[in-house]
$ cat entry.txt   # compact mmCIF, C-alpha atoms and all ligand atoms
# COMPACT_ATOMS: atom_id res chain seq x y z
CA MET A 245 -95.40 42.49 -142.07
CA GLN A 246 -96.24 44.09 -145.34
CA THR A 247 -99.63 45.66 -145.70
CA SER A 248 -100.73 46.34 -149.16
CA ALA A 249 -103.04 48.82 -150.66
CA ASN A 250 -105.96 47.33 -152.43
CA ASN A 251 -109.01 48.60 -150.60
CA GLN A 252 -108.50 46.55 -147.47
CA ASN A 253 -111.73 48.19 -146.50
CA SER A 254 -113.61 49.89 -143.94
CA ASP A 255 -113.33 47.25 -141.21
CA GLN A 256 -111.57 47.85 -137.90
CA SER A 257 -108.61 45.87 -139.14
CA SER A 258 -106.21 47.07 -136.47
CA GLU A 259 -108.23 45.46 -133.66
CA ARG A 260 -108.86 42.08 -135.22
CA LYS A 261 -106.60 39.05 -135.36
CA ILE A 262 -105.63 37.88 -138.81
CA ALA A 263 -106.17 34.15 -139.39
CA LEU A 264 -104.72 34.05 -142.89
CA GLU A 265 -103.04 36.65 -145.06
CA LEU A 266 -102.27 36.53 -148.76
CA ILE A 267 -99.61 39.01 -149.82
CA ASP A 268 -99.06 40.03 -153.42
CA LEU A 269 -99.62 36.60 -154.95
CA LYS A 270 -98.64 36.28 -158.58
CA LYS A 271 -99.31 33.31 -160.79
CA SER A 272 -99.08 32.57 -164.50
CA PHE A 273 -99.63 29.38 -166.45
CA GLY A 274 -97.24 29.81 -169.37
CA GLU A 275 -98.16 33.05 -171.12
CA LYS A 276 -101.43 33.29 -169.29
CA VAL A 277 -101.32 35.59 -166.27
CA ILE A 278 -103.84 34.55 -163.63
CA HIS A 279 -102.90 36.59 -160.53
CA ARG A 280 -101.12 39.93 -160.88
CA GLY A 281 -100.62 40.58 -157.16
CA VAL A 282 -103.50 39.43 -154.99
CA SER A 283 -103.49 40.49 -151.35
CA LEU A 284 -106.15 39.60 -148.83
CA LYS A 285 -106.58 39.49 -145.06
CA LEU A 286 -108.91 36.99 -143.46
CA PHE A 287 -109.79 37.86 -139.87
CA GLU A 288 -110.42 35.25 -137.22
CA GLY A 289 -114.10 34.34 -137.05
CA GLU A 290 -115.06 35.82 -140.39
CA MET A 291 -116.31 34.24 -143.56
CA MET A 292 -115.03 35.91 -146.69
CA GLY A 293 -116.97 35.46 -149.92
CA LEU A 294 -114.83 35.31 -153.04
CA PHE A 295 -116.49 36.30 -156.31
CA GLY A 296 -115.11 36.66 -159.80
CA GLY A 297 -116.10 35.73 -163.32
CA SER A 298 -115.40 32.23 -164.55
CA GLY A 299 -111.67 31.76 -165.10
CA THR A 300 -110.56 34.71 -162.94
CA GLY A 301 -108.52 32.39 -160.74
CA LYS A 302 -110.66 31.80 -157.68
CA SER A 303 -109.97 28.07 -157.56
CA VAL A 304 -106.28 28.61 -158.28
CA LEU A 305 -106.17 31.06 -155.37
CA ILE A 306 -107.82 28.58 -152.99
CA ARG A 307 -105.54 25.79 -154.19
CA SER A 308 -102.52 28.07 -153.76
CA ILE A 309 -103.27 28.55 -150.08
CA ILE A 310 -102.89 24.86 -149.32
CA GLY A 311 -100.07 24.24 -151.76
CA LEU A 312 -102.02 22.37 -154.44
CA ASP A 313 -100.99 25.13 -156.86
CA ARG A 314 -97.73 26.98 -156.39
CA PRO A 315 -97.79 30.76 -156.91
CA ASP A 316 -94.78 32.28 -158.73
CA SER A 317 -94.29 34.84 -155.97
CA GLY A 318 -95.92 36.33 -152.90
CA LYS A 319 -96.67 35.00 -149.44
CA VAL A 320 -99.38 33.04 -147.67
CA ILE A 321 -99.07 33.75 -143.97
CA PHE A 322 -100.70 31.30 -141.55
CA GLU A 323 -99.73 30.77 -137.92
CA GLY A 324 -96.80 33.11 -138.41
CA ARG A 325 -95.25 31.16 -141.28
CA ASP A 326 -95.20 31.65 -145.03
CA LEU A 327 -96.84 28.47 -146.34
CA LEU A 328 -95.15 28.92 -149.72
CA THR A 329 -91.81 28.13 -148.13
CA LEU A 330 -92.96 24.84 -146.58
CA THR A 331 -92.11 21.35 -147.75
CA GLU A 332 -94.82 18.92 -148.82
CA HIS A 333 -94.43 17.16 -145.48
CA GLN A 334 -94.91 20.38 -143.52
CA LEU A 335 -97.91 21.29 -145.69
CA TYR A 336 -99.47 17.94 -144.89
CA ASP A 337 -99.49 18.93 -141.24
CA VAL A 338 -100.85 22.43 -142.01
CA ARG A 339 -103.72 20.87 -143.97
CA THR A 340 -105.06 19.40 -140.72
CA ARG A 341 -105.74 22.99 -139.66
CA ILE A 342 -106.94 24.35 -143.00
CA GLY A 343 -109.92 22.36 -144.24
CA PHE A 344 -111.18 22.48 -147.79
CA VAL A 345 -114.46 21.62 -149.43
CA PHE A 346 -114.27 21.22 -153.18
CA GLN A 347 -117.06 20.94 -155.66
CA ASN A 348 -116.36 17.27 -156.37
CA GLY A 349 -114.60 14.30 -154.95
CA ALA A 350 -114.84 15.06 -151.29
CA LEU A 351 -115.63 11.48 -150.29
CA PHE A 352 -113.88 8.16 -150.77
CA ASP A 353 -116.30 6.09 -152.86
CA SER A 354 -115.41 2.77 -151.29
CA LEU A 355 -115.83 3.95 -147.69
CA THR A 356 -119.09 4.41 -145.80
CA VAL A 357 -120.13 7.79 -144.45
CA GLU A 358 -118.84 6.84 -141.01
CA GLU A 359 -115.51 5.60 -142.39
CA ASN A 360 -115.17 8.77 -144.45
CA LEU A 361 -115.67 10.91 -141.36
CA ALA A 362 -113.39 8.76 -139.22
CA TYR A 363 -110.60 8.88 -141.79
CA PRO A 364 -109.19 12.35 -141.06
CA LEU A 365 -109.55 11.78 -137.32
CA ARG A 366 -107.60 8.53 -137.41
CA GLU A 367 -105.10 9.82 -139.94
CA HIS A 368 -104.17 13.09 -138.31
CA GLY A 369 -105.46 13.26 -134.80
CA LYS A 370 -104.32 11.64 -131.63
CA ILE A 371 -107.92 11.00 -130.81
CA SER A 372 -109.34 8.02 -128.94
CA GLU A 373 -111.86 5.70 -130.65
CA ALA A 374 -114.53 6.74 -128.13
CA GLU A 375 -113.94 10.39 -128.97
CA ILE A 376 -113.99 9.58 -132.70
CA GLN A 377 -117.41 7.95 -132.36
CA LYS A 378 -118.68 10.91 -130.34
CA ARG A 379 -117.50 13.41 -132.92
CA ILE A 380 -118.97 11.40 -135.80
CA GLU A 381 -122.39 11.23 -134.15
CA ALA A 382 -122.34 14.95 -133.33
CA MET A 383 -121.32 15.78 -136.88
CA LEU A 384 -124.01 13.55 -138.44
CA GLU A 385 -126.58 15.31 -136.31
CA LEU A 386 -125.27 18.72 -137.37
CA ILE A 387 -125.58 17.88 -141.08
CA ASP A 388 -129.03 16.27 -140.68
CA MET A 389 -127.69 12.81 -141.53
CA LYS A 390 -128.19 10.91 -138.30
CA GLY A 391 -128.34 7.16 -138.99
CA SER A 392 -126.54 7.39 -142.35
CA ASN A 393 -123.35 5.88 -140.88
CA ASP A 394 -123.27 2.77 -143.04
CA LEU A 395 -124.29 4.25 -146.38
CA LEU A 396 -121.81 4.44 -149.24
CA PRO A 397 -121.41 7.71 -151.17
CA ASN A 398 -123.26 6.32 -154.21
CA GLU A 399 -126.24 5.61 -151.95
CA LEU A 400 -126.48 9.29 -151.00
CA SER A 401 -128.28 12.10 -152.84
CA GLY A 402 -126.11 14.90 -154.25
CA GLY A 403 -127.11 17.13 -151.35
CA MET A 404 -126.18 14.50 -148.78
CA GLN A 405 -122.85 13.90 -150.49
CA LYS A 406 -122.04 17.60 -150.24
CA ARG A 407 -123.08 17.76 -146.60
CA ALA A 408 -120.97 14.68 -145.84
CA GLY A 409 -118.07 16.37 -147.68
CA LEU A 410 -118.56 19.44 -145.52
CA ALA A 411 -118.56 17.21 -142.44
CA ARG A 412 -115.37 15.48 -143.49
CA ALA A 413 -113.59 18.76 -144.10
CA THR A 414 -114.61 20.20 -140.76
CA ILE A 415 -114.50 17.24 -138.39
CA LEU A 416 -110.89 17.97 -137.40
CA GLN A 417 -112.09 21.44 -136.39
CA PRO A 418 -109.67 23.31 -138.65
CA LYS A 419 -108.88 26.94 -137.94
CA VAL A 420 -109.71 27.97 -141.49
CA ILE A 421 -112.01 26.33 -144.03
CA LEU A 422 -111.80 26.96 -147.75
CA PHE A 423 -114.99 26.35 -149.72
CA ASP A 424 -114.79 26.15 -153.50
CA GLU A 425 -118.32 26.29 -154.85
CA PRO A 426 -119.82 23.95 -152.26
CA THR A 427 -123.38 24.58 -153.49
CA ALA A 428 -122.65 24.13 -157.20
CA GLY A 429 -125.06 21.72 -158.85
CA LEU A 430 -127.47 21.61 -155.92
CA ASP A 431 -131.17 22.37 -156.24
CA PRO A 432 -132.50 25.31 -154.19
CA VAL A 433 -133.70 23.10 -151.32
CA ASN A 434 -130.35 21.36 -150.92
CA THR A 435 -128.51 24.65 -151.37
CA ARG A 436 -130.49 26.01 -148.43
CA ARG A 437 -129.75 22.95 -146.31
CA LEU A 438 -126.02 23.17 -147.00
CA THR A 439 -126.05 26.91 -146.36
CA ALA A 440 -127.86 26.27 -143.07
CA ASN A 441 -125.21 23.68 -142.12
CA ILE A 442 -122.43 26.15 -142.87
CA ASN A 443 -124.24 28.77 -140.82
CA LYS A 444 -124.41 26.33 -137.89
CA LEU A 445 -120.67 25.87 -138.17
CA LYS A 446 -120.31 29.64 -138.27
CA GLU A 447 -122.09 29.96 -134.97
CA ARG A 448 -119.29 27.86 -133.51
CA GLY A 449 -116.86 30.47 -134.82
CA ILE A 450 -115.32 29.07 -137.97
CA THR A 451 -113.18 31.21 -140.25
CA GLY A 452 -113.20 30.67 -143.98
CA ILE A 453 -113.16 31.70 -147.60
CA PHE A 454 -116.28 30.88 -149.58
CA VAL A 455 -115.91 30.81 -153.35
CA THR A 456 -119.26 30.79 -155.06
CA HIS A 457 -121.40 31.91 -157.94
CA ASP A 458 -124.37 31.70 -155.61
CA ILE A 459 -124.70 35.32 -154.52
CA PRO A 460 -127.70 34.89 -152.19
CA ALA A 461 -125.94 32.02 -150.37
CA ALA A 462 -122.79 34.13 -150.01
CA PHE A 463 -124.73 37.09 -148.66
CA GLU A 464 -126.30 34.82 -146.08
CA ILE A 465 -123.08 33.14 -144.97
CA CYS A 466 -120.39 35.78 -145.40
CA ASP A 467 -119.28 38.81 -143.43
CA ARG A 468 -117.22 40.38 -146.20
CA ILE A 469 -116.90 39.86 -149.93
CA THR A 470 -113.85 40.06 -152.16
CA ILE A 471 -114.29 40.42 -155.91
CA LEU A 472 -111.45 39.40 -158.20
CA ASN A 473 -111.05 40.92 -161.62
CA GLU A 474 -108.24 40.76 -164.13
CA GLY A 475 -105.86 39.14 -161.70
CA LYS A 476 -106.38 41.67 -158.92
CA VAL A 477 -108.66 42.29 -155.99
CA HIS A 478 -111.21 44.74 -157.36
CA VAL A 479 -112.86 45.32 -154.01
CA VAL A 480 -113.07 43.96 -150.46
CA ASP A 481 -115.95 45.14 -148.33
CA THR A 482 -118.75 44.13 -146.01
CA VAL A 483 -121.78 42.34 -147.42
CA GLU A 484 -123.90 45.41 -146.74
CA ALA A 485 -121.49 47.73 -148.55
CA ILE A 486 -121.24 45.33 -151.49
CA LYS A 487 -125.03 45.06 -151.71
CA HIS A 488 -125.39 48.81 -151.90
CA SER A 489 -122.28 49.59 -153.91
CA GLN A 490 -122.61 52.15 -156.68
CA ASP A 491 -119.65 50.63 -158.55
CA PRO A 492 -121.13 49.31 -161.82
CA PHE A 493 -118.79 46.32 -161.83
CA VAL A 494 -119.79 45.35 -158.29
CA GLN A 495 -123.44 45.91 -159.16
CA SER A 496 -123.15 43.54 -162.08
CA PHE A 497 -122.12 40.78 -159.66
CA VAL A 498 -124.79 41.58 -157.12
CA GLN A 499 -127.46 41.52 -159.81
CA GLY A 500 -126.17 38.19 -161.02
CA ALA A 501 -125.15 39.38 -164.46
CA TYR A 502 -122.10 37.15 -164.37
CA TYR A 503 -123.98 34.09 -163.33
CA SER A 504 -126.77 33.65 -165.80
N1 LIG B 601 -103.02 23.57 -164.03
C1 LIG B 601 -103.36 24.51 -164.90
N2 LIG B 601 -102.68 24.67 -166.06
C2 LIG B 601 -103.00 25.64 -166.94
N3 LIG B 601 -103.97 26.53 -166.75
C3 LIG B 601 -104.70 26.42 -165.63
C4 LIG B 601 -104.43 25.42 -164.65
N4 LIG B 601 -105.29 25.57 -163.62
C5 LIG B 601 -106.08 26.62 -163.96
N5 LIG B 601 -105.73 27.14 -165.14
C6 LIG B 601 -106.33 28.30 -165.78
O1 LIG B 601 -106.32 29.36 -164.85
C7 LIG B 601 -107.50 30.16 -165.01
C8 LIG B 601 -108.18 30.32 -163.70
O2 LIG B 601 -108.75 29.07 -163.35
P1 LIG B 601 -109.65 28.88 -162.08
O3 LIG B 601 -110.06 27.46 -162.10
O4 LIG B 601 -108.95 29.37 -160.87
O5 LIG B 601 -110.89 29.83 -162.40
P2 LIG B 601 -112.16 30.10 -161.48
O6 LIG B 601 -112.18 31.55 -161.14
O7 LIG B 601 -112.18 29.14 -160.35
O8 LIG B 601 -113.35 29.80 -162.51
P3 LIG B 601 -114.77 29.08 -162.25
O9 LIG B 601 -115.65 30.15 -161.66
O10 LIG B 601 -115.22 28.70 -163.62
O11 LIG B 601 -114.56 27.92 -161.35
C9 LIG B 601 -108.33 29.49 -166.08
O12 LIG B 601 -108.12 30.15 -167.30
C10 LIG B 601 -107.78 28.08 -166.14
O13 LIG B 601 -107.92 27.54 -167.42
MG MG B 602 -113.33 27.52 -159.83

$ encode --input "entry.txt" --output "structure tokens" --more "lines below"
Ligand SMILES: Nc1ncnc2c1ncn2[C@@H]1O[C@H](COP(=O)(O)OP(=O)(O)OP(=O)(O)O)[C@@H](O)[C@H]1O
Ligand SMILES: [Mg+2]
Amino acid sequence: MQTSANNQNSDQSSERKIALELIDLKKSFGEKVIHRGVSLKLFEGEMMGLFGGSGTGKSVLIRSIIGLDRPDSGKVIFEGRDLLTLTEHQLYDVRTRIGFVFQNGALFDSLTVEENLAYPLREHGKISEAEIQKRIEAMLELIDMKGSNDLLPNELSGGMQKRAGLARATILQPKVILFDEPTAGLDPVNTRRLTANINKLKERGITGIFVTHDIPAAFEICDRITILNEGKVHVVDTVEAIKHSQDPFVQSFVQGAYYS
């Protein structure tokens, strides 16, 4: 398998299993070049923060992994296959093992919380009704929403909606979870609750990519951070190394200059 240059960091990469690998992804929309060759390795059990100024292509990158955007070239290796070569039908199956949490629209408005959580289990899993109920109750407890089974999304606060979205994306226990700004629009209290929920999931050993403008939340949740700039990976390194980086560009992110 190709290994590519861009600062694939300090970590003991040779000893760790790779859950997901992006290799030299390129993407343009018309004249506009978004990705000029993005490569990234996500190790099993790690959470990777993904930073970059607005419009640098973080969402397009996340969407590319699960086939919602199609890169022009490159590879997305998962479970030994290049996802970019798969048909829509094959991708549908892969999406049961790669969960995603988007900023908006995670829940079906006409379904209750319980029905929303049951949906992926009934749709994709060969799981008994008893097991479905057990998983829903365990998940509601995890996201501090015990007893909210029969509420509709419009009866939930914004924070609860996001936590229910997180629950829906993770209830099938995917191998990899992609978060695209899950805390966007939340007040500090709800941001902390969601972050705590993600940390609880982390303790169970989830692997994921966490796109955010919320640097403190990312530092709390993530093991490593990738910063995109001008269509390339500017740096990949541990949270500690990023925090103490002397690189002025990295510092500008850490100090929040891009997020005011
Ligand atoms: N379907 C599309 N057609 C044309 N241009 C697009 C499309 N999707 C995204 N873009 C453009 O690609 C660029 C990257 O978009 P993207 O949404 O990935 O940015 P981002 O890094 O997620 O930004 P933000 O932090 O604001 O969410 C933007 O300039 C956007 O306008
Ligand atoms: Mg985005």

$ residues_near_ligand --input "entry.txt" --ligand "ligand MG 602 (chain B)" --cutoff "10 Å" --atoms "only C-alpha atoms and all ligand atoms" --output "PDB file with C-alpha atoms, in the frame of the given file"
ATOM      1  CA  PHE A 295    -116.490  36.300-156.310  1.00  0.00           C
ATOM      2  CA  GLY A 296    -115.110  36.660-159.800  1.00  0.00           C
ATOM      3  CA  GLY A 297    -116.100  35.730-163.320  1.00  0.00           C
ATOM      4  CA  SER A 298    -115.400  32.230-164.550  1.00  0.00           C
ATOM      5  CA  GLY A 299    -111.670  31.760-165.100  1.00  0.00           C
ATOM      6  CA  THR A 300    -110.560  34.710-162.940  1.00  0.00           C
ATOM      7  CA  GLY A 301    -108.520  32.390-160.740  1.00  0.00           C
ATOM      8  CA  LYS A 302    -110.660  31.800-157.680  1.00  0.00           C
ATOM      9  CA  SER A 303    -109.970  28.070-157.560  1.00  0.00           C
ATOM     10  CA  VAL A 304    -106.280  28.610-158.280  1.00  0.00           C
ATOM     11  CA  LEU A 305    -106.170  31.060-155.370  1.00  0.00           C
ATOM     12  CA  ILE A 306    -107.820  28.580-152.990  1.00  0.00           C
ATOM     13  CA  ARG A 307    -105.540  25.790-154.190  1.00  0.00           C
ATOM     14  CA  PHE A 346    -114.270  21.220-153.180  1.00  0.00           C
ATOM     15  CA  GLN A 347    -117.060  20.940-155.660  1.00  0.00           C
ATOM     16  CA  ASP A 424    -114.790  26.150-153.500  1.00  0.00           C
ATOM     17  CA  GLU A 425    -118.320  26.290-154.850  1.00  0.00           C
ATOM     18  CA  VAL A 455    -115.910  30.810-153.350  1.00  0.00           C
ATOM     19  CA  THR A 456    -119.260  30.790-155.060  1.00  0.00           C
ATOM     20  CA  HIS A 457    -121.400  31.910-157.940  1.00  0.00           C
TER      21      HIS A 457
END

$ atom_distance --input "entry.txt" --atom1 "atom O3 of ligand LIG 601 (chain B)" --atom2 "atom CA of Arg280 of chain A"
15.4 Å

$ atom_distance --input "entry.txt" --atom1 "atom CA of Leu335 of chain A" --atom2 "atom CA of Leu312 of chain A"
9.7 Å

$ atom_distance --input "entry.txt" --atom1 "atom CA of Ile310 of chain A" --atom2 "atom CA of Gly452 of chain A"
13.0 Å

$ closest_residue --input "entry.txt" --among "A:Tyr363, A:Phe287, A:Phe423, A:Phe352" --to "ligand LIG 601 (chain B)" --atoms "all atoms listed in the file"
A:Phe423

$ closest_residue --input "entry.txt" --among "A:Leu269, A:Ile380, A:Val357, A:Val277" --to "ligand LIG 601 (chain B)" --atoms "all atoms listed in the file"
A:Val277

$ closest_residue --input "entry.txt" --among "A:Ala428, A:Ile442, A:Leu286, A:Ile465" --to "ligand LIG 601 (chain B)" --atoms "all atoms listed in the file"
A:Ala428

$ closest_residue --input "entry.txt" --among "A:Glu323, A:Gly403, A:Met383, A:Lys446" --to "Gly429 of chain A" --atoms "only C-alpha atoms"
A:Gly403

$ closest_residue --input "entry.txt" --among "A:Lys319, A:Arg314, A:Lys444, A:Lys285" --to "ligand LIG 601 (chain B)" --atoms "only C-alpha atoms and all ligand atoms"
A:Arg314

$ closest_residue --input "entry.txt" --among "A:Ile342, A:Ile278, A:Leu264, A:Ile453" --to "ligand LIG 601 (chain B)" --atoms "all atoms listed in the file"
A:Ile278

$ axis_aligned_box --input "entry.txt" --around "ligand LIG 601 (chain B)" --padding-each-side "3 Å" --output "lines of an AutoDock Vina configuration file"
center_x = -109.2
center_y = 27.6
center_z = -163.9
size_x = 19.0
size_y = 14.0
size_z = 13.1

$ residues_around --input "entry.txt" --residues "segment 270-273 of chain A" --least-positions-apart "2" --cutoff "8 Å" --atoms "all atoms listed in the file" --output "list in words"
Asp268, Glu275, Lys276, Val277, Ile278, His279, Arg280, Gly281, Val282, Arg314, Pro315, Asp316, Ser317 and Gly318 of chain A

$ residues_near_point --input "entry.txt" --point "(-118.9, 15.5, -150.5)" --cutoff "10 Å" --atoms "all atoms listed in the file" --output "MDAnalysis selection string"
chainID A and resid 345:352 357 360 397 400 402:413 426

$ residues_around --input "entry.txt" --residues "segment 482-490 of chain A" --least-positions-apart "2" --cutoff "12 Å" --atoms "only C-alpha atoms" --output "JSON, numbers by chain"
{"A": [251, 252, 253, 254, 255, 256, 290, 291, 292, 293, 294, 295, 459, 460, 461, 462, 463, 464, 465, 466, 467, 468, 469, 470, 471, 478, 479, 480, 492, 493, 494, 495, 496, 497, 498, 499, 500]}

$ decode --input "entry.txt" --residues "segment 284-294 of chain A" --atoms "all heavy atoms" --output "PDB file, in the first residue's frame"
ATOM      1  N   LEU A 284      -4.212  10.621   4.699  1.00  0.00           N
ATOM      2  CA  LEU A 284      -4.425  10.597   6.146  1.00  0.00           C
ATOM      3  C   LEU A 284      -4.598   9.156   6.597  1.00  0.00           C
ATOM      4  O   LEU A 284      -5.273   8.375   5.922  1.00  0.00           O
ATOM      5  CB  LEU A 284      -5.726  11.360   6.425  1.00  0.00           C
ATOM      6  CG  LEU A 284      -5.963  11.912   7.811  1.00  0.00           C
ATOM      7  CD1 LEU A 284      -4.886  12.925   8.162  1.00  0.00           C
ATOM      8  CD2 LEU A 284      -7.330  12.609   7.832  1.00  0.00           C
ATOM      9  N   LYS A 285      -3.987   8.819   7.733  1.00  0.00           N
ATOM     10  CA  LYS A 285      -4.206   7.489   8.317  1.00  0.00           C
ATOM     11  C   LYS A 285      -4.928   7.656   9.631  1.00  0.00           C
ATOM     12  O   LYS A 285      -4.499   8.446  10.471  1.00  0.00           O
ATOM     13  CB  LYS A 285      -2.864   6.809   8.599  1.00  0.00           C
ATOM     14  CG  LYS A 285      -2.189   6.262   7.392  1.00  0.00           C
ATOM     15  CD  LYS A 285      -0.890   5.592   7.815  1.00  0.00           C
ATOM     16  CE  LYS A 285      -0.106   5.188   6.605  1.00  0.00           C
ATOM     17  NZ  LYS A 285       1.340   5.282   6.808  1.00  0.00           N
ATOM     18  N   LEU A 286      -5.986   6.864   9.792  1.00  0.00           N
ATOM     19  CA  LEU A 286      -6.723   6.871  11.052  1.00  0.00           C
ATOM     20  C   LEU A 286      -6.499   5.515  11.705  1.00  0.00           C
ATOM     21  O   LEU A 286      -6.858   4.480  11.132  1.00  0.00           O
ATOM     22  CB  LEU A 286      -8.209   7.094  10.763  1.00  0.00           C
ATOM     23  CG  LEU A 286      -9.127   7.157  11.969  1.00  0.00           C
ATOM     24  CD1 LEU A 286      -8.861   8.416  12.798  1.00  0.00           C
ATOM     25  CD2 LEU A 286     -10.589   7.148  11.510  1.00  0.00           C
ATOM     26  N   PHE A 287      -5.882   5.527  12.878  1.00  0.00           N
ATOM     27  CA  PHE A 287      -5.599   4.263  13.560  1.00  0.00           C
ATOM     28  C   PHE A 287      -6.815   3.774  14.334  1.00  0.00           C
ATOM     29  O   PHE A 287      -7.646   4.582  14.766  1.00  0.00           O
ATOM     30  CB  PHE A 287      -4.420   4.431  14.528  1.00  0.00           C
ATOM     31  CG  PHE A 287      -3.127   4.747  13.846  1.00  0.00           C
ATOM     32  CD1 PHE A 287      -2.469   5.936  14.098  1.00  0.00           C
ATOM     33  CD2 PHE A 287      -2.572   3.862  12.946  1.00  0.00           C
ATOM     34  CE1 PHE A 287      -1.272   6.233  13.463  1.00  0.00           C
ATOM     35  CE2 PHE A 287      -1.380   4.145  12.298  1.00  0.00           C
ATOM     36  CZ  PHE A 287      -0.723   5.336  12.563  1.00  0.00           C
ATOM     37  N   GLU A 288      -6.885   2.470  14.518  1.00  0.00           N
ATOM     38  CA  GLU A 288      -7.986   1.913  15.309  1.00  0.00           C
ATOM     39  C   GLU A 288      -7.933   2.461  16.729  1.00  0.00           C
ATOM     40  O   GLU A 288      -6.870   2.517  17.340  1.00  0.00           O
ATOM     41  CB  GLU A 288      -7.893   0.380  15.346  1.00  0.00           C
ATOM     42  CG  GLU A 288      -8.449  -0.220  14.088  1.00  0.00           C
ATOM     43  CD  GLU A 288      -8.492  -1.737  14.130  1.00  0.00           C
ATOM     44  OE1 GLU A 288      -8.215  -2.345  15.182  1.00  0.00           O
ATOM     45  OE2 GLU A 288      -8.788  -2.313  13.073  1.00  0.00           O
ATOM     46  N   GLY A 289      -9.075   2.894  17.216  1.00  0.00           N
ATOM     47  CA  GLY A 289      -9.176   3.379  18.593  1.00  0.00           C
ATOM     48  C   GLY A 289      -8.812   4.835  18.774  1.00  0.00           C
ATOM     49  O   GLY A 289      -8.837   5.341  19.886  1.00  0.00           O
ATOM     50  N   GLU A 290      -8.462   5.518  17.702  1.00  0.00           N
ATOM     51  CA  GLU A 290      -8.110   6.932  17.886  1.00  0.00           C
ATOM     52  C   GLU A 290      -9.186   7.859  17.346  1.00  0.00           C
ATOM     53  O   GLU A 290      -9.941   7.514  16.433  1.00  0.00           O
ATOM     54  CB  GLU A 290      -6.755   7.265  17.235  1.00  0.00           C
ATOM     55  CG  GLU A 290      -6.806   7.647  15.777  1.00  0.00           C
ATOM     56  CD  GLU A 290      -5.512   8.288  15.273  1.00  0.00           C
ATOM     57  OE1 GLU A 290      -4.773   8.903  16.060  1.00  0.00           O
ATOM     58  OE2 GLU A 290      -5.246   8.165  14.062  1.00  0.00           O
ATOM     59  N   MET A 291      -9.232   9.037  17.941  1.00  0.00           N
ATOM     60  CA  MET A 291     -10.092  10.099  17.432  1.00  0.00           C
ATOM     61  C   MET A 291      -9.174  11.160  16.835  1.00  0.00           C
ATOM     62  O   MET A 291      -8.248  11.638  17.485  1.00  0.00           O
ATOM     63  CB  MET A 291     -10.914  10.677  18.581  1.00  0.00           C
ATOM     64  CG  MET A 291     -11.996  11.604  18.126  1.00  0.00           C
ATOM     65  SD  MET A 291     -13.318  10.759  17.241  1.00  0.00           S
ATOM     66  CE  MET A 291     -14.280  10.214  18.621  1.00  0.00           C
ATOM     67  N   MET A 292      -9.445  11.460  15.587  1.00  0.00           N
ATOM     68  CA  MET A 292      -8.626  12.443  14.865  1.00  0.00           C
ATOM     69  C   MET A 292      -9.419  13.734  14.701  1.00  0.00           C
ATOM     70  O   MET A 292     -10.500  13.730  14.111  1.00  0.00           O
ATOM     71  CB  MET A 292      -8.289  11.874  13.480  1.00  0.00           C
ATOM     72  CG  MET A 292      -7.553  12.829  12.564  1.00  0.00           C
ATOM     73  SD  MET A 292      -5.845  13.040  13.033  1.00  0.00           S
ATOM     74  CE  MET A 292      -5.124  11.607  12.207  1.00  0.00           C
ATOM     75  N   GLY A 293      -8.913  14.816  15.242  1.00  0.00           N
ATOM     76  CA  GLY A 293      -9.546  16.118  15.021  1.00  0.00           C
ATOM     77  C   GLY A 293      -9.167  16.633  13.647  1.00  0.00           C
ATOM     78  O   GLY A 293      -8.045  16.415  13.195  1.00  0.00           O
ATOM     79  N   LEU A 294     -10.114  17.261  12.969  1.00  0.00           N
ATOM     80  CA  LEU A 294      -9.811  17.823  11.649  1.00  0.00           C
ATOM     81  C   LEU A 294     -10.163  19.305  11.663  1.00  0.00           C
ATOM     82  O   LEU A 294     -11.324  19.676  11.819  1.00  0.00           O
ATOM     83  CB  LEU A 294     -10.613  17.078  10.573  1.00  0.00           C
ATOM     84  CG  LEU A 294     -10.381  17.488   9.125  1.00  0.00           C
ATOM     85  CD1 LEU A 294      -8.926  17.300   8.691  1.00  0.00           C
ATOM     86  CD2 LEU A 294     -11.296  16.681   8.185  1.00  0.00           C
TER      87      LEU A 294
END
